[in-house]
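Dumped my_file.cif below, it's mmCIF, C-alpha atoms and all ligand atoms:
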```cif
data_model
#
loop_
_atom_site.label_atom_id
_atom_site.label_comp_id
_atom_site.auth_asym_id
_atom_site.auth_seq_id
_atom_site.Cartn_x
_atom_site.Cartn_y
_atom_site.Cartn_z
CA MET V 26 -78.38 -51.27 -167.42
CA GLY V 27 -75.32 -53.49 -167.47
CA PHE V 28 -75.31 -57.24 -167.17
CA ALA V 29 -72.80 -57.42 -164.35
CA ALA V 30 -75.35 -57.67 -161.58
CA ALA V 31 -77.22 -60.43 -163.35
CA ALA V 32 -74.18 -62.51 -164.24
CA THR V 33 -73.83 -65.94 -162.67
CA ASP V 34 -71.52 -66.37 -159.72
CA SER V 35 -68.38 -67.36 -161.52
CA THR V 36 -66.50 -68.22 -158.36
CA THR V 37 -68.38 -71.46 -157.83
CA SER V 38 -68.00 -73.65 -160.90
CA PRO V 39 -65.84 -72.69 -163.85
CA PRO V 40 -67.67 -73.21 -167.12
CA ARG V 41 -66.03 -74.97 -170.03
CA PRO V 42 -65.25 -73.08 -173.17
CA GLY V 43 -68.38 -72.46 -175.11
CA THR V 44 -69.86 -75.88 -174.59
CA ASP V 45 -69.99 -77.79 -171.39
CA THR V 46 -71.76 -75.29 -169.20
CA GLU V 47 -74.40 -75.12 -171.85
CA THR V 48 -74.67 -78.82 -172.44
CA GLU V 49 -76.24 -79.58 -169.09
CA THR V 50 -78.98 -77.10 -169.84
CA ASP V 51 -80.11 -79.17 -172.81
CA THR V 52 -80.58 -82.35 -170.83
CA VAL V 53 -83.88 -84.04 -171.56
CA VAL V 54 -85.95 -85.24 -168.65
CA GLN V 55 -87.52 -88.63 -169.34
CA LEU V 56 -90.48 -89.47 -167.17
CA PRO V 57 -90.65 -92.96 -165.64
CA GLY V 58 -92.76 -95.37 -167.68
CA ILE V 59 -92.80 -93.09 -170.73
CA GLU V 60 -90.62 -94.36 -173.55
CA VAL V 61 -90.63 -91.33 -175.82
CA PRO V 62 -88.36 -88.64 -174.32
CA SER V 63 -89.93 -85.28 -173.60
CA ARG V 64 -88.47 -82.21 -175.23
CA PRO V 65 -85.47 -80.45 -173.72
CA ALA V 66 -86.23 -77.37 -171.66
CA HIS V 67 -83.62 -75.35 -173.54
CA LEU V 68 -81.40 -75.50 -176.58
CA SER V 69 -77.85 -74.17 -176.43
CA PRO V 70 -75.62 -73.37 -179.41
CA SER V 71 -73.48 -76.42 -178.67
CA GLY V 72 -76.56 -78.67 -178.40
CA ALA V 73 -77.88 -77.30 -181.68
CA SER V 74 -74.53 -77.82 -183.32
CA LEU V 75 -74.29 -81.40 -182.07
CA TYR V 76 -77.80 -82.19 -183.32
CA GLN V 77 -76.96 -80.73 -186.73
CA GLN V 78 -73.86 -82.91 -186.85
CA CYS V 79 -75.71 -86.11 -185.93
CA PRO V 80 -79.16 -86.47 -184.27
CA ARG V 81 -78.18 -89.91 -182.93
CA ARG V 82 -75.13 -88.49 -181.20
CA TRP V 83 -77.26 -85.71 -179.71
CA LYS V 84 -79.69 -88.32 -178.42
CA HIS V 85 -76.93 -90.32 -176.73
CA ARG V 86 -75.52 -87.15 -175.15
CA TYR V 87 -78.68 -85.41 -173.98
CA VAL V 88 -81.41 -88.01 -173.76
CA ASP V 89 -79.39 -91.04 -172.65
CA ARG V 90 -76.92 -88.78 -170.81
CA LEU V 91 -73.98 -90.94 -171.78
CA PRO V 92 -70.62 -89.44 -170.82
CA ASP V 93 -68.54 -87.48 -173.30
CA PRO V 94 -65.59 -86.50 -171.14
CA PRO V 95 -63.47 -83.55 -172.32
CA GLY V 96 -59.88 -84.26 -173.33
CA VAL V 97 -56.69 -82.40 -172.54
CA ALA V 98 -57.28 -79.66 -175.13
CA ALA V 99 -60.79 -78.86 -173.90
CA LEU V 100 -59.74 -78.79 -170.25
CA ALA V 101 -56.72 -76.58 -170.98
CA GLY V 102 -59.20 -74.27 -172.71
CA THR V 103 -61.40 -74.33 -169.61
CA PHE V 104 -58.43 -73.28 -167.50
CA ALA V 105 -57.60 -70.41 -169.88
CA HIS V 106 -61.24 -69.28 -169.92
CA ARG V 107 -61.34 -69.17 -166.15
CA VAL V 108 -58.16 -67.12 -165.87
CA LEU V 109 -59.40 -64.66 -168.51
CA GLU V 110 -62.76 -64.42 -166.79
CA LEU V 111 -61.04 -63.42 -163.55
CA LEU V 112 -58.68 -61.07 -165.36
CA LEU V 113 -61.44 -59.17 -167.13
CA GLN V 114 -63.22 -58.68 -163.81
CA GLU V 115 -60.20 -56.69 -162.61
CA PRO V 116 -60.07 -52.89 -162.92
CA ASP V 117 -58.86 -52.13 -166.46
CA GLN V 118 -55.31 -51.02 -165.57
CA ARG V 119 -54.72 -54.21 -163.57
CA ARG V 120 -55.31 -56.48 -166.56
CA THR V 121 -51.64 -57.23 -167.07
CA VAL V 122 -49.70 -60.39 -167.88
CA GLU V 123 -48.28 -60.34 -164.34
CA ARG V 124 -51.76 -60.20 -162.84
CA ALA V 125 -52.86 -63.01 -165.16
CA LYS V 126 -50.02 -65.16 -163.78
CA GLU V 127 -51.28 -64.57 -160.25
CA LEU V 128 -54.83 -65.41 -161.31
CA ALA V 129 -53.62 -68.59 -163.00
CA ARG V 130 -52.29 -69.69 -159.62
CA VAL V 131 -55.66 -68.82 -158.08
CA ALA V 132 -57.57 -70.77 -160.74
CA TRP V 133 -55.29 -73.81 -160.80
CA PRO V 134 -56.79 -75.69 -157.82
CA GLU V 135 -60.23 -75.51 -159.46
CA ILE V 136 -59.06 -77.38 -162.52
CA ALA V 137 -56.66 -79.67 -160.64
CA THR V 138 -59.51 -81.04 -158.54
CA ASP V 139 -62.01 -81.30 -161.40
CA ASP V 140 -63.17 -84.91 -161.81
CA ASP V 141 -62.60 -84.89 -165.57
CA PHE V 142 -59.10 -83.54 -165.09
CA VAL V 143 -58.24 -86.07 -162.40
CA ALA V 144 -59.55 -88.83 -164.69
CA LEU V 145 -56.94 -87.89 -167.30
CA GLY V 146 -54.28 -89.27 -164.93
CA LEU V 147 -51.51 -87.03 -166.26
CA ASP V 148 -47.92 -87.74 -165.20
CA GLU V 149 -45.49 -84.99 -164.19
CA THR V 150 -44.37 -84.23 -167.74
CA GLU V 151 -47.92 -84.22 -169.09
CA LEU V 152 -48.99 -82.00 -166.22
CA ARG V 153 -46.29 -79.47 -167.08
CA GLU V 154 -47.36 -79.56 -170.74
CA PHE V 155 -50.98 -79.06 -169.73
CA ARG V 156 -50.17 -75.99 -167.64
CA TRP V 157 -48.00 -74.61 -170.38
CA ARG V 158 -50.73 -75.15 -172.96
CA GLY V 159 -53.29 -73.37 -170.80
CA TRP V 160 -50.94 -70.51 -170.08
CA LEU V 161 -50.09 -70.02 -173.77
CA ALA V 162 -53.80 -69.60 -174.45
CA VAL V 163 -54.10 -67.00 -171.66
CA GLU V 164 -51.03 -65.10 -172.86
CA GLY V 165 -52.41 -65.27 -176.38
CA LEU V 166 -54.98 -62.63 -175.45
CA TRP V 167 -52.33 -59.90 -175.63
CA ALA V 168 -51.42 -60.94 -179.16
CA ILE V 169 -54.88 -59.91 -180.38
CA GLU V 170 -56.11 -57.17 -178.03
CA ASP V 171 -55.10 -55.01 -175.08
CA PRO V 172 -57.44 -56.04 -172.24
CA CYS V 173 -56.76 -52.72 -170.45
CA THR V 174 -58.75 -50.94 -173.17
CA VAL V 175 -61.85 -53.14 -172.93
CA SER V 176 -64.98 -51.83 -171.23
CA VAL V 177 -66.61 -54.96 -169.80
CA ASP V 178 -70.37 -55.20 -169.35
CA ALA V 179 -70.46 -58.86 -168.23
CA THR V 180 -68.39 -62.03 -168.15
CA GLU V 181 -69.69 -65.61 -168.27
CA HIS V 182 -73.19 -64.27 -168.66
CA ASP V 183 -75.86 -66.98 -168.41
CA VAL V 184 -78.66 -65.96 -170.77
CA GLN V 185 -82.01 -67.73 -170.94
CA VAL V 186 -84.58 -66.27 -173.26
CA LEU V 187 -86.91 -67.12 -176.11
CA VAL V 188 -84.96 -66.65 -179.35
CA GLY V 189 -87.51 -66.76 -182.16
CA ASP V 190 -89.67 -69.66 -181.01
CA VAL V 191 -86.79 -71.51 -179.33
CA PRO V 192 -86.20 -71.60 -175.56
CA PHE V 193 -82.54 -70.68 -175.69
CA ARG V 194 -79.84 -70.93 -173.08
CA GLY V 195 -76.18 -70.15 -173.35
CA VAL V 196 -73.24 -68.73 -171.46
CA VAL V 197 -71.62 -65.72 -173.15
CA ASP V 198 -67.91 -65.44 -172.37
CA ARG V 199 -67.88 -61.66 -172.45
CA ILE V 200 -70.08 -58.73 -173.35
CA ASP V 201 -68.17 -55.49 -174.04
CA LEU V 202 -69.51 -51.97 -174.12
CA THR V 203 -68.46 -49.52 -176.80
CA ASP V 204 -69.74 -46.05 -177.68
CA ASP V 205 -71.75 -47.65 -180.48
CA GLY V 206 -73.26 -50.54 -178.54
CA ARG V 207 -72.52 -53.98 -177.15
CA VAL V 208 -70.00 -56.42 -178.58
CA ILE V 209 -70.41 -60.17 -178.01
CA THR V 210 -67.09 -61.91 -177.47
CA ASP V 211 -66.25 -65.60 -177.23
CA TYR V 212 -62.77 -67.00 -176.55
CA LYS V 213 -61.43 -69.91 -178.57
CA SER V 214 -58.30 -71.82 -177.59
CA GLY V 215 -58.35 -74.17 -180.60
CA ARG V 216 -56.88 -73.53 -184.02
CA ALA V 217 -58.40 -70.63 -185.97
CA PRO V 218 -60.25 -71.63 -189.15
CA ALA V 219 -59.00 -70.85 -192.64
CA GLU V 220 -60.58 -67.74 -194.14
CA ARG V 221 -63.13 -69.69 -196.21
CA PHE V 222 -64.50 -71.47 -193.13
CA ALA V 223 -64.52 -68.48 -190.79
CA ALA V 224 -68.10 -67.32 -191.44
CA GLY V 225 -69.49 -70.74 -190.52
CA ARG V 226 -67.88 -70.54 -187.08
CA LEU V 227 -69.76 -67.38 -186.16
CA THR V 228 -73.19 -68.98 -185.71
CA GLN V 229 -72.69 -69.49 -181.98
CA VAL V 230 -71.85 -65.83 -181.28
CA MET V 231 -74.64 -64.68 -183.58
CA LEU V 232 -77.07 -66.69 -181.44
CA TYR V 233 -75.65 -65.06 -178.33
CA ALA V 234 -76.19 -61.70 -180.04
CA ALA V 235 -79.80 -62.67 -180.76
CA ALA V 236 -80.28 -63.71 -177.13
CA VAL V 237 -78.77 -60.47 -175.81
CA ALA V 238 -80.94 -58.49 -178.22
CA ALA V 239 -84.02 -60.37 -176.98
CA THR V 240 -83.03 -59.68 -173.36
CA THR V 241 -82.09 -56.01 -173.64
CA GLY V 242 -84.17 -54.85 -176.59
CA GLU V 243 -80.96 -53.52 -178.16
CA ARG V 244 -79.17 -55.27 -180.98
CA PRO V 245 -75.43 -55.74 -180.28
CA ILE V 246 -73.26 -54.16 -182.95
CA ARG V 247 -70.70 -56.92 -183.39
CA ALA V 248 -70.04 -60.56 -182.60
CA ARG V 249 -66.45 -61.81 -182.28
CA LEU V 250 -64.47 -64.99 -181.81
CA LEU V 251 -61.10 -64.39 -180.18
CA TYR V 252 -58.78 -67.18 -181.28
CA LEU V 253 -56.22 -66.74 -178.54
CA GLY V 254 -52.71 -66.11 -179.83
CA GLN V 255 -53.94 -66.09 -183.42
CA LYS V 256 -56.61 -63.74 -184.71
CA ILE V 257 -60.07 -62.28 -184.28
CA VAL V 258 -62.91 -63.53 -186.47
CA GLU V 259 -65.82 -61.10 -186.32
CA ILE V 260 -68.97 -59.94 -187.99
CA ASP V 261 -71.17 -56.86 -187.80
CA VAL V 262 -74.56 -57.81 -186.38
CA THR V 263 -77.38 -56.82 -188.73
CA ASP V 264 -81.09 -57.58 -188.79
CA GLU V 265 -80.48 -59.84 -191.79
CA ASN V 266 -77.73 -62.01 -190.35
CA LEU V 267 -79.53 -62.21 -186.99
CA GLU V 268 -82.64 -63.39 -188.78
CA SER V 269 -80.64 -65.99 -190.65
CA ALA V 270 -79.02 -67.38 -187.46
CA VAL V 271 -82.35 -67.47 -185.64
CA GLY V 272 -84.05 -69.14 -188.63
CA GLU V 273 -81.43 -71.88 -188.58
CA LEU V 274 -81.90 -72.36 -184.84
CA GLU V 275 -85.68 -72.61 -185.27
CA ALA V 276 -85.29 -75.21 -188.01
CA THR V 277 -82.98 -77.26 -185.78
CA TRP V 278 -85.40 -76.99 -182.85
CA SER V 279 -88.33 -78.03 -185.03
CA SER V 280 -86.49 -81.11 -186.30
CA LEU V 281 -85.13 -82.00 -182.85
CA THR V 282 -88.49 -81.76 -181.11
CA ALA V 283 -90.11 -83.82 -183.89
CA ASP V 284 -87.46 -86.51 -183.28
CA CYS V 285 -88.17 -86.38 -179.55
CA ASP V 286 -91.88 -86.76 -180.22
CA ARG V 287 -91.27 -89.76 -182.52
CA GLY V 288 -88.47 -91.21 -180.42
CA VAL V 289 -86.40 -91.68 -183.58
CA PHE V 290 -82.97 -90.13 -184.08
CA GLU V 291 -81.23 -90.73 -187.40
CA ALA V 292 -77.52 -91.48 -187.58
CA THR V 293 -75.58 -89.06 -189.78
CA THR V 294 -72.34 -90.81 -190.61
CA GLY V 295 -69.15 -89.12 -191.74
CA PRO V 296 -65.53 -88.49 -190.78
CA LEU V 297 -66.54 -87.32 -187.29
CA CYS V 298 -67.70 -90.84 -186.42
CA GLY V 299 -63.98 -91.42 -185.87
CA TRP V 300 -64.19 -89.11 -182.86
CA CYS V 301 -67.65 -90.08 -181.59
CA PRO V 302 -67.63 -91.50 -178.03
CA TYR V 303 -70.78 -93.50 -178.82
CA VAL V 304 -69.53 -95.35 -181.90
CA ASP V 305 -69.49 -98.67 -180.03
CA ARG V 306 -73.30 -98.56 -179.71
CA CYS V 307 -74.03 -97.21 -183.19
CA PRO V 308 -74.08 -99.83 -186.00
CA GLU V 309 -74.05 -97.20 -188.76
CA GLY V 310 -71.10 -95.36 -187.19
CA ARG V 311 -69.21 -98.60 -186.68
CA ALA V 312 -69.66 -99.53 -190.35
CA GLU V 313 -68.54 -96.04 -191.37
CA VAL V 314 -65.38 -96.20 -189.28
CA ASN V 315 -64.51 -99.70 -190.50
CA GLU V 316 -65.04 -98.67 -194.12
CA ARG V 317 -62.88 -95.58 -193.65
CA VAL V 318 -60.11 -97.57 -192.03
CA ASP V 319 -60.20 -100.14 -194.86
CA SER V 320 -60.01 -97.42 -197.50
CA GLY V 321 -57.31 -95.45 -195.65
CA ARG V 322 -59.62 -92.45 -195.11
CA LEU V 323 -59.36 -92.27 -191.33
CA ARG V 324 -56.41 -91.32 -189.16
CA LEU V 325 -55.23 -94.37 -187.31
CA ASP V 326 -55.19 -92.46 -184.01
CA ALA V 327 -58.94 -91.74 -184.26
CA PRO V 328 -60.32 -92.83 -180.85
CA ALA V 329 -63.28 -94.67 -182.39
CA ILE V 330 -60.94 -97.36 -183.72
CA GLU V 331 -59.89 -98.34 -180.22
CA LEU V 332 -63.45 -98.06 -178.89
CA ILE V 333 -64.68 -100.50 -181.55
CA ALA V 334 -61.77 -102.87 -180.94
CA ARG V 335 -62.45 -102.88 -177.19
CA SER V 336 -66.14 -103.60 -177.67
CA ALA V 337 -65.60 -106.41 -180.19
S1 LIG M 401 -70.92 -92.94 -184.60
FE1 LIG M 401 -71.38 -91.43 -186.16
S2 LIG M 401 -73.45 -91.87 -186.80
FE2 LIG M 401 -73.15 -92.92 -184.85
S3 LIG M 401 -73.84 -91.50 -183.29
FE3 LIG M 401 -71.69 -91.15 -183.53
S4 LIG M 401 -71.53 -89.51 -185.03
FE4 LIG M 401 -73.58 -90.34 -185.18
#
```

Any chance you could give the structure as structure tokens?
Amino acid sequence: MGFAAAATDSTTSPPRPGTDTETETDTVVQLPGIEVPSRPAHLSPSGASLYQQCPRRWKHRYVDRLPDPPGVAALAGTFAHRVLELLLQEPDQRRTVERAKELARVAWPEIATDDDFVALGLDETELREFRWRGWLAVEGLWAIEDPCTVSVDATEHDVQVLVGDVPFRGVVDRIDLTDDGRVITDYKSGRAPAERFAAGRLTQVMLYAAAVAATTGERPIRARLLYLGQKIVEIDVTDENLESAVGELEATWSSLTADCDRGVFEATTGPLCGWCPYVDRCPEGRAEVNERVDSGRLRLDAPAIELIARSA
């Protein structure tokens, strides 16, 4: 049976590319009068990735629910995702560039009225650049595949299932059907990684493959990242690499739930502190950013520098 009937109603709220729809699902509920946060109900690939990057940052995002508003690039990606979602729901021969242009006009009011987008306060020129950026990502699909030839099983598929021993939740951009089995596809509007880093980027789609396998009882045959306008990064799904991705997820879940139980979340400092929205409340991150600035190891446009200056 296909996924189409079970897919979420995509006409209501457009999900953000690979992250933001999932992030809400990880939110921890803290009961009144209880200081130690309870465990999250689900873990998404983006939540797992954030925890692996820095447990403290994860805590601020999901336990304290502090805002981490998306920037221009992420929102342009959201717009492109929405247009491609609508396009791939069309009959295969209607998936043309012209049709995509019409659908971009349909999707535009959704993004234009989004609170995060409005908060960007773009002027006329910036608005034009934003639309152009989003459209280039949409048009970039034709540079890497012909959407008329794709047999779609589901788009924006919300999957909630136990993966290993982890309550998993994620939104899969697209599930394709081929003669040999299902293919998990995720769009990316950012820059494609260099060859040596490509394998590390596939964890998210491998987890989606594991979730789809757990739901359907059939292992997908391939997992792909479509870097729009650039290239496809893909991997054959095997029992071995599924096991490896699930093992990593279980280890993250085990560590994360232990932190929740203890109420202690370590800070993992590094170059990404320069882009952490919570640096102004993190002494270790502050020290890291200051040290990097002093030693010339941080770009001077890193947003953390201004955040620290404002909070001083
Ligand atoms: S500033 Fe750095 S160490 Fe602190 S929470 Fe953010 S990423 Fe983690």

**OP:** Have a look at V:Gln118, V:Ser279, V:Thr210, V:Ser69 and name the one nearest to Ile260 of chain V; count all atoms listed in the file.
**Re:** V:Thr210

Please tabulate, as a Markdown table, the residues of chain V that come within 6 Å of ligand LIG 401 (chain M), each with its closest pair of atoms and the distance in Å to one decimal, counting only C-alpha atoms and all ligand atoms and ordering rows by chain, then residue number upward.
```
| residue | atom | partner | partner_atom | distance |
| --- | --- | --- | --- | --- |
| V:Cys79 | CA | M:LIG401 | FE4 | 4.8 |
| V:Arg81 | CA | M:LIG401 | S3 | 4.6 |
| V:Arg82 | CA | M:LIG401 | S3 | 3.9 |
| V:Ala292 | CA | M:LIG401 | S2 | 4.2 |
| V:Thr293 | CA | M:LIG401 | S2 | 4.6 |
| V:Thr294 | CA | M:LIG401 | S2 | 4.1 |
| V:Leu297 | CA | M:LIG401 | S4 | 5.9 |
| V:Cys298 | CA | M:LIG401 | FE1 | 3.7 |
| V:Cys301 | CA | M:LIG401 | FE3 | 4.6 |
| V:Tyr303 | CA | M:LIG401 | FE3 | 5.3 |
| V:Val304 | CA | M:LIG401 | S1 | 3.9 |
| V:Cys307 | CA | M:LIG401 | FE2 | 4.7 |
| V:Glu309 | CA | M:LIG401 | S2 | 5.7 |
| V:Gly310 | CA | M:LIG401 | S1 | 3.5 |
```

**OP:** Name all residues at most 9 Å from segment 142-146 of chain V (count all atoms listed in the file; drop same-chain ones fewer than 5 positions away) and give them as a ChimeraX atom specification.
**Re:** /V:95-97,100,136-137

Could those residues be written to a file, using C-alpha atoms, as a short mmCIF file (atom, residue, chain, number, x, y, z; two decimals), in the frame of the given file?
```cif
data_model
loop_
_atom_site.label_atom_id
_atom_site.label_comp_id
_atom_site.auth_asym_id
_atom_site.auth_seq_id
_atom_site.Cartn_x
_atom_site.Cartn_y
_atom_site.Cartn_z
CA PRO V 95 -63.47 -83.55 -172.32
CA GLY V 96 -59.88 -84.26 -173.33
CA VAL V 97 -56.69 -82.40 -172.54
CA LEU V 100 -59.74 -78.79 -170.25
CA ILE V 136 -59.06 -77.38 -162.52
CA ALA V 137 -56.66 -79.67 -160.64
#
```

**OP:** Would you kindly return, as a ChimeraX atom specification, each protein, DNA or RNA residue with an atom no farther than 10 Å from any atom of Pro92 of chain V, considering all atoms listed in the file and excluding same-chain residues fewer than 5 positions away?
**Re:** /V:85-87,302-303

**OP:** For each of V:Ala101, V:Ala73, V:Ile246, V:Ile200, take the minimum atom-to-atom distance to Gly159 of chain V, counting all atoms listed in the file, then give the residue where this is smallest.
**Re:** V:Ala101

Using only C-alpha atoms, find each residue in segment 139-189 of chain V having at least one atom no more than 10 Å away from segment 204-208 of chain V; report its shortest atom-to-atom pair and that distance in Å (one decimal), rows by chain then rising number, as a Markdown table.
```
| residue | atom | partner | partner_atom | distance |
| --- | --- | --- | --- | --- |
| V:Ser176 | CA | V:Arg207 | CA | 9.8 |
| V:Val177 | CA | V:Arg207 | CA | 9.5 |
| V:Asp178 | CA | V:Arg207 | CA | 8.2 |
```

Subject >> atom CA of Val237 of chain V to atom CA of Leu202 of chain V, distance in Å rounded to a single decimal >> reply: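 So the answer is 12.7 Å.
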
Original post:
In terms of the shortest atom-to-atom distance over only C-alpha atoms, which of V:Ile257, V:Val230, V:Ala132, V:Leu91 is closest to Thr103 of chain V?
Top reply: V:Ala132

Subject >> Polymer residues at most 12 Å from Ala238 of chain V, all atoms listed in the file, same-chain spacing of 2 or more positions, as number ranges by chain >> reply: V: 184-189, 200, 206-209, 231-236, 240-248, 262-264, 267-268, 271

**OP:** Give the answer as one residue: which of V:Leu166, V:Leu161, V:Val318, V:Val191 has the shortest atom-to-atom distance to Thr121 of chain V, using all atoms listed in the file?
**Re:** V:Leu166

Original post:
To one decimal place, how far is atom CA of Gly295 of chain V from atom CA of Asp319 of chain V in Å?
Top reply: 14.5 Å

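A straight line drawn from atom CA of Ala129 of chain V to atom CA of Trp160 of chain V is 7.8 Å long.
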
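If all atoms listed in the file are the atoms counted, then among V:Trp83, V:Trp278, V:Tyr212, V:Tyr76 the closest residue to Glu170 of chain V is V:Tyr212.
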
I'd like the box whose edges run along x, y and z of the file and which contains every listed atom of segment 83-96 of chain V, padded by 5 Å per side; could you state its centre and edge lengths in Å, one decimal, as lines of an AutoDock Vina configuration file?
```
center_x = -70.6
center_y = -87.3
center_z = -175.3
size_x = 31.5
size_y = 17.5
size_z = 18.9
```
